[in-house]
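Engineer: Can you keep this structure in mind? I'll have questions shortly.
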Amino acid sequence: MVARIQVGTMQMSRLVAGVWRLMEWQMSKDALLDWIHACLDLGLTTFDNADIYGGYRCEAAFGEALALQPALRGTMEIVTKCGIALLSDQRPQHFVKHYNTSRAHIVAAAENSLRQMRTDYIDLLLIHRPDPLLNADETAAAFVELKQAGKVLHFGVSNFTPSQFDLLQARLDFPLVTNQIEFSVLHLQPLHDGTLDHSQRLRLPPMAWSPLGGGSLFTGQDAQTQRVRAALEQVGRAHGGAALDTVALAWLLAHPAHVVPVLGSGKVERLRGAAAAEQIQLDRQQWFSIWQASAGHEVP
Ligand SMILES: NC(=O)c1ccc[n+]([C@@H]2O[C@H](COP(=O)([O-])OP(=O)(O)OC[C@H]3O[C@@H](n4cnc5c(N)ncnc54)[C@H](OP(=O)(O)O)[C@@H]3O)[C@@H](O)[C@H]2O)c1
C-alpha cells in the first residue's frame, strides 16, 4: 500500500497518479472508473490533472468517470493546474499559445475545472508554468478569492524557479504547498540549480513530473539513457532483481527533499511496479552510480 505524505498543509499519497496521457489510453468511462478504483486500492489517492490535458478534454473525461460513483470523490485528492492557454479547437479565441495568470483567468479556469470534473472543490491548484507577465498581487488575489469561496483548498506552482516561488509566496498569507518540477534519473537539473535546495529549506516536498523520463527511460537509444539503464539494472540486481522503473523511482524517493513522483502510466501492473519503489532503500554508492551514469562523469 502506497504511504501518505504531508505536503505543506495537505496530505497526499507518496506517489501520485497523473492523467496527462488519459486521452491516449482510449478508455471507456467504465474502464477509467476501474483504473481509478485500482489506483485507490493501491493507495494512489492523489490524481494529477490540468485544464489543458488532452487538448482541454482530460478533466471532463475524469469527471465523467467520477460521476458514475460520486462517493469516490471523498476518498481522493484532486490536483489540477491552470495558466497555460493553448491553441485548440476548444479555445477558438486563442491566436497564440500564451500564459495567463491574471486574477480573472485563474478564477474562471478553476471554476471551469470544477464543472469539468463534477466536483465542488479542488484539493490543490497549481500555476502550470511561470508567466513572464505574472503580477504576483493579482495571482495572489485569485488564490484568496478561490480559497475564501471553498473552491480550492490548497495552492502551489509548477516549473517555478525558487525566486518565482518566493515572489508569489510573499504576496500570500497562507503557504504554497509545492512546486511540481521535472525530475528523474534522466533530468538532474533540479539537484544542481537550487530548486531542490529551496524545497528542502521550506520543507515542502516537490512533486516530480515525468519521473521515468516520459517513458524514454525504456525506449531511449541515446548514450545517456543506455548508461542509466545499465546502472539501474546493476542496482536492481543488488535488490533482488528490482525492475528499471522501481529502481528509478527509489532513486527519486531517496532524496531528502521528499520528492513525490507523479506517475504517468495507464497500466495498473506498471503502477504496482512503481509502488514497489517504496520498499527499496538505495545506499549512497548505489545512488551516486546512477547519478554518474546520467551525468556522464564522476562527481568532481
Ligand atoms: N507540471 C508539468 O508541467 C507536467 C508536465 C508533464 C507531466 N506532468 C504530470 O506528470 C505525470 C507523469 O508524466 P509522464 O506521463 O511523462 O510520466 P512517466 O512515468 O515518466 O512516463 C509515462 C510513460 O512511460 C510509460 N511507462 C511507464 N512505466 C513503464 C514501464 N514499466 N515500462 C515501459 N513504459 C512505461 C507509460 O506508458 P504506459 O501508459 O503504456 O504504461 C507512459 O507512456 C503526467 O500524467 C502529468 O500529470 C506535469
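Convention: chains lettered A, B, ... in C-alpha cells order; per-chain residue numbering from 1; ligands numbered from 1 as shown.
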I'd like the contact shell of stretch 117-120 of chain A - 7 Å cut-off, only C-alpha atoms, skipping same-chain residues fewer than 2 positions apart - returned as a list of chain:residue names.
Structural biologist: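 Here the qualifying residues turn out to be A:Glu59, A:Ala60, A:Phe62, A:Gly63, A:Ala67, A:Ser113, A:Leu114, A:Arg115, A:Lys151.
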Engineer: Enumerate the residues of stretch 151-233 of chain A with a DSSP assignment of alpha helix (DSSP H), computed from the backbone, and present them as an NGL selection string.
Structural biologist: :A and (162-170 or 189-192 or 195-202 or 216-219 or 223-233)
Engineer: Which residue out of A:Met23, A:Ala149, A:Ala170, A:Ala141 has the minimum interatomic distance to ligand 1 when only C-alpha atoms and all ligand atoms are used?
Structural biologist: A:Met23
Engineer: As JSON, numbers by chain, please: the residues near stretch 242-250 of chain A (cut-off 6 Å, only C-alpha atoms, same-chain neighbours under 6 positions excluded).
Structural biologist: {"A": [232, 236, 274, 277]}
Engineer: With N, CA and C atoms retained, write the just-selected residues as a short mmCIF file (atom, residue, chain, number, x, y, z; two decimals), in the first residue's frame.
Structural biologist:
data_model
loop_
_atom_site.label_atom_id
_atom_site.label_comp_id
_atom_site.auth_asym_id
_atom_site.auth_seq_id
_atom_site.Cartn_x
_atom_site.Cartn_y
_atom_site.Cartn_z
N LEU A 232 20.88 1.25 -13.61
CA LEU A 232 19.65 0.85 -12.89
C LEU A 232 19.57 -0.67 -12.79
N GLY A 236 19.45 -2.75 -9.52
CA GLY A 236 18.29 -3.64 -9.39
C GLY A 236 18.70 -5.06 -9.01
N ALA A 274 5.65 0.43 -9.81
CA ALA A 274 6.14 1.71 -9.31
C ALA A 274 6.01 1.77 -7.79
N ALA A 277 8.71 0.67 -5.36
CA ALA A 277 9.89 1.52 -5.12
C ALA A 277 10.00 1.92 -3.65
#
Engineer: Could you state the separation of atom CA of A:Arg103 and atom CA of A:Ala140 in Å, given to one decimal place?
Structural biologist: 8.0 Å
Engineer: With only C-alpha atoms and all ligand atoms counted, collect every polymer residue having an atom within 6 Å of ligand 1; state the result as a PDB file with C-alpha atoms, in the first residue's frame.
Structural biologist:
ATOM      1  CA  GLY A  18      -1.012  11.569 -13.377  1.00  0.00           C
ATOM      2  CA  VAL A  19      -3.609  11.675 -16.131  1.00  0.00           C
ATOM      3  CA  TRP A  20      -1.881  13.794 -18.776  1.00  0.00           C
ATOM      4  CA  ARG A  21      -1.967  10.845 -21.185  1.00  0.00           C
ATOM      5  CA  ASP A  48      -2.812  14.985 -11.081  1.00  0.00           C
ATOM      6  CA  ASN A  49      -4.715  16.733 -13.869  1.00  0.00           C
ATOM      7  CA  HIS A 128       1.281  25.402 -14.513  1.00  0.00           C
ATOM      8  CA  SER A 158       4.820  24.154 -11.232  1.00  0.00           C
ATOM      9  CA  GLN A 180       5.825  20.471  -9.334  1.00  0.00           C
ATOM     10  CA  TRP A 209       6.729  15.023 -13.270  1.00  0.00           C
ATOM     11  CA  SER A 210       7.926  12.585 -15.955  1.00  0.00           C
ATOM     12  CA  PRO A 211       9.711  10.605 -13.215  1.00  0.00           C
ATOM     13  CA  LEU A 212      10.536   7.904 -15.793  1.00  0.00           C
ATOM     14  CA  GLY A 213      11.603  10.407 -18.420  1.00  0.00           C
ATOM     15  CA  GLY A 214       8.166  10.281 -20.025  1.00  0.00           C
ATOM     16  CA  GLY A 215       8.837   6.632 -20.953  1.00  0.00           C
ATOM     17  CA  PHE A 218      12.656   2.294 -21.508  1.00  0.00           C
ATOM     18  CA  ASP A 245      11.128   1.716 -13.074  1.00  0.00           C
ATOM     19  CA  VAL A 262       3.796  11.822 -10.428  1.00  0.00           C
ATOM     20  CA  LEU A 263       3.374   8.590 -12.388  1.00  0.00           C
ATOM     21  CA  GLY A 264       2.077   8.598 -15.946  1.00  0.00           C
ATOM     22  CA  SER A 265       1.052   5.040 -16.748  1.00  0.00           C
ATOM     23  CA  GLY A 266      -2.465   3.926 -17.559  1.00  0.00           C
ATOM     24  CA  LYS A 267      -1.493   0.306 -16.851  1.00  0.00           C
ATOM     25  CA  ARG A 270       3.037  -0.725 -14.028  1.00  0.00           C
TER      26      ARG A 270
END
Engineer: Separation of atom CA of A:Pro205 and atom CA of A:Pro175, in Å?
Structural biologist: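 Computing it gives 12.8 Å between the two atoms.
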Engineer: Give the answer as one residue: which of A:Trp287, A:Tyr53, A:Trp25, A:Phe160 has the shortest atom-to-atom distance to A:Pro190, using only C-alpha atoms?
Structural biologist: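 That would be A:Phe160, the residue with the smallest distance to A:Pro190.
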Engineer: Give me the residues near A:Ala208 as a list in words, where near means some atom within 10 Å (using only C-alpha atoms) and where sequence neighbours in that chain fewer than 6 positions away do not count.
Structural biologist: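 After dropping sequence-adjacent residues, the list is Leu15, Val16, Ser158, Asn159, Asn179, Gln180, Ile181, Glu182, Phe183, Ser184, Leu252, Val259, Val260, Pro261, Val262 and Leu263 of chain A.
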Engineer: Mind pulling up the distance from atom CA of A:Ala85 to atom CA of A:His198?
Structural biologist: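 Going from atom CA of A:His198 over to atom CA of A:Ala85, I get 28.0 Å.
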Engineer: Name all residues at most 12 Å from A:Val107 (count only C-alpha atoms; drop same-chain ones fewer than 2 positions away) and give them as a PyMOL selection string.
Structural biologist: chain A and resi 81-83+100-105+109-114+125+127+138-149+151-152
Engineer: Calculated over only C-alpha atoms, which of the candidates A:Leu42, A:Ala65, A:Val2, A:Arg129 has the smallest distance to A:Ile84?
Structural biologist: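 When distances to A:Ile84 are compared using only C-alpha atoms, the smallest one comes from A:Arg129.
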Engineer: Running DSSP on the backbone, which parts of stretch 111-196 of chain A land in strand (DSSP E or B), as a VMD selection string?
Structural biologist: chain A and resid 122 to 127 152 to 158 179 to 182 184 187
Engineer: Using the selection just defined, write its residues with N, CA and C atoms as a compact mmCIF listing (two decimals), in the first residue's frame.
Structural biologist:
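The result, stored in out37.txt:
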# COMPACT_ATOMS: atom_id res chain seq x y z
N ILE A 122 -11.43 21.68 -5.40
CA ILE A 122 -10.14 21.17 -5.90
C ILE A 122 -9.22 21.13 -4.68
N ASP A 123 -8.54 20.00 -4.48
CA ASP A 123 -7.65 19.93 -3.31
C ASP A 123 -6.44 20.83 -3.48
N LEU A 124 -5.87 20.82 -4.70
CA LEU A 124 -4.64 21.60 -4.92
C LEU A 124 -4.66 22.15 -6.34
N LEU A 125 -4.53 23.47 -6.43
CA LEU A 125 -4.46 24.15 -7.73
C LEU A 125 -3.04 24.68 -7.93
N LEU A 126 -2.44 24.35 -9.07
CA LEU A 126 -1.08 24.80 -9.37
C LEU A 126 -1.10 25.77 -10.55
N ILE A 127 -0.24 26.79 -10.48
CA ILE A 127 0.03 27.60 -11.67
C ILE A 127 1.01 26.77 -12.51
N VAL A 152 -11.11 25.99 -3.78
CA VAL A 152 -9.77 25.38 -3.82
C VAL A 152 -9.23 25.37 -2.38
N LEU A 153 -8.71 24.20 -1.96
CA LEU A 153 -8.26 24.10 -0.57
C LEU A 153 -6.79 24.50 -0.40
N HIS A 154 -5.95 24.14 -1.39
CA HIS A 154 -4.50 24.42 -1.29
C HIS A 154 -3.98 24.88 -2.64
N PHE A 155 -2.85 25.59 -2.61
CA PHE A 155 -2.30 26.18 -3.83
C PHE A 155 -0.81 25.89 -3.95
N GLY A 156 -0.35 25.84 -5.18
CA GLY A 156 1.07 25.64 -5.42
C GLY A 156 1.42 26.12 -6.81
N VAL A 157 2.63 25.76 -7.25
CA VAL A 157 3.12 26.19 -8.56
C VAL A 157 3.80 25.01 -9.24
N SER A 158 4.14 25.20 -10.48
CA SER A 158 4.82 24.15 -11.23
C SER A 158 5.85 24.79 -12.15
N ASN A 179 6.08 22.82 -5.38
CA ASN A 179 6.48 23.19 -6.74
C ASN A 179 6.57 21.87 -7.51
N GLN A 180 5.76 21.71 -8.54
CA GLN A 180 5.82 20.47 -9.33
C GLN A 180 6.83 20.69 -10.47
N ILE A 181 7.87 19.84 -10.47
CA ILE A 181 9.02 20.08 -11.37
C ILE A 181 9.36 18.81 -12.15
N GLU A 182 10.09 19.00 -13.24
CA GLU A 182 10.60 17.83 -13.96
C GLU A 182 11.84 17.33 -13.23
N SER A 184 14.10 13.45 -12.78
CA SER A 184 14.20 12.00 -12.97
C SER A 184 15.67 11.63 -13.11
N HIS A 187 17.00 13.54 -15.81
CA HIS A 187 16.90 15.01 -15.75
C HIS A 187 17.34 15.47 -14.36
Engineer: Rank nothing, just name the residue among A:Asp30, A:Glu298, A:Glu233, A:Trp251 nearest to A:Gln279, using only C-alpha atoms.
Structural biologist: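 Closest to A:Gln279, using only C-alpha atoms: A:Trp251.
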Engineer: Could you check which of A:Met10, A:Gly150, A:Thr161, A:Leu22 is closest to A:Pro130, using only C-alpha atoms?
Structural biologist: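 Under the stated criterion, the closest residue is A:Thr161.
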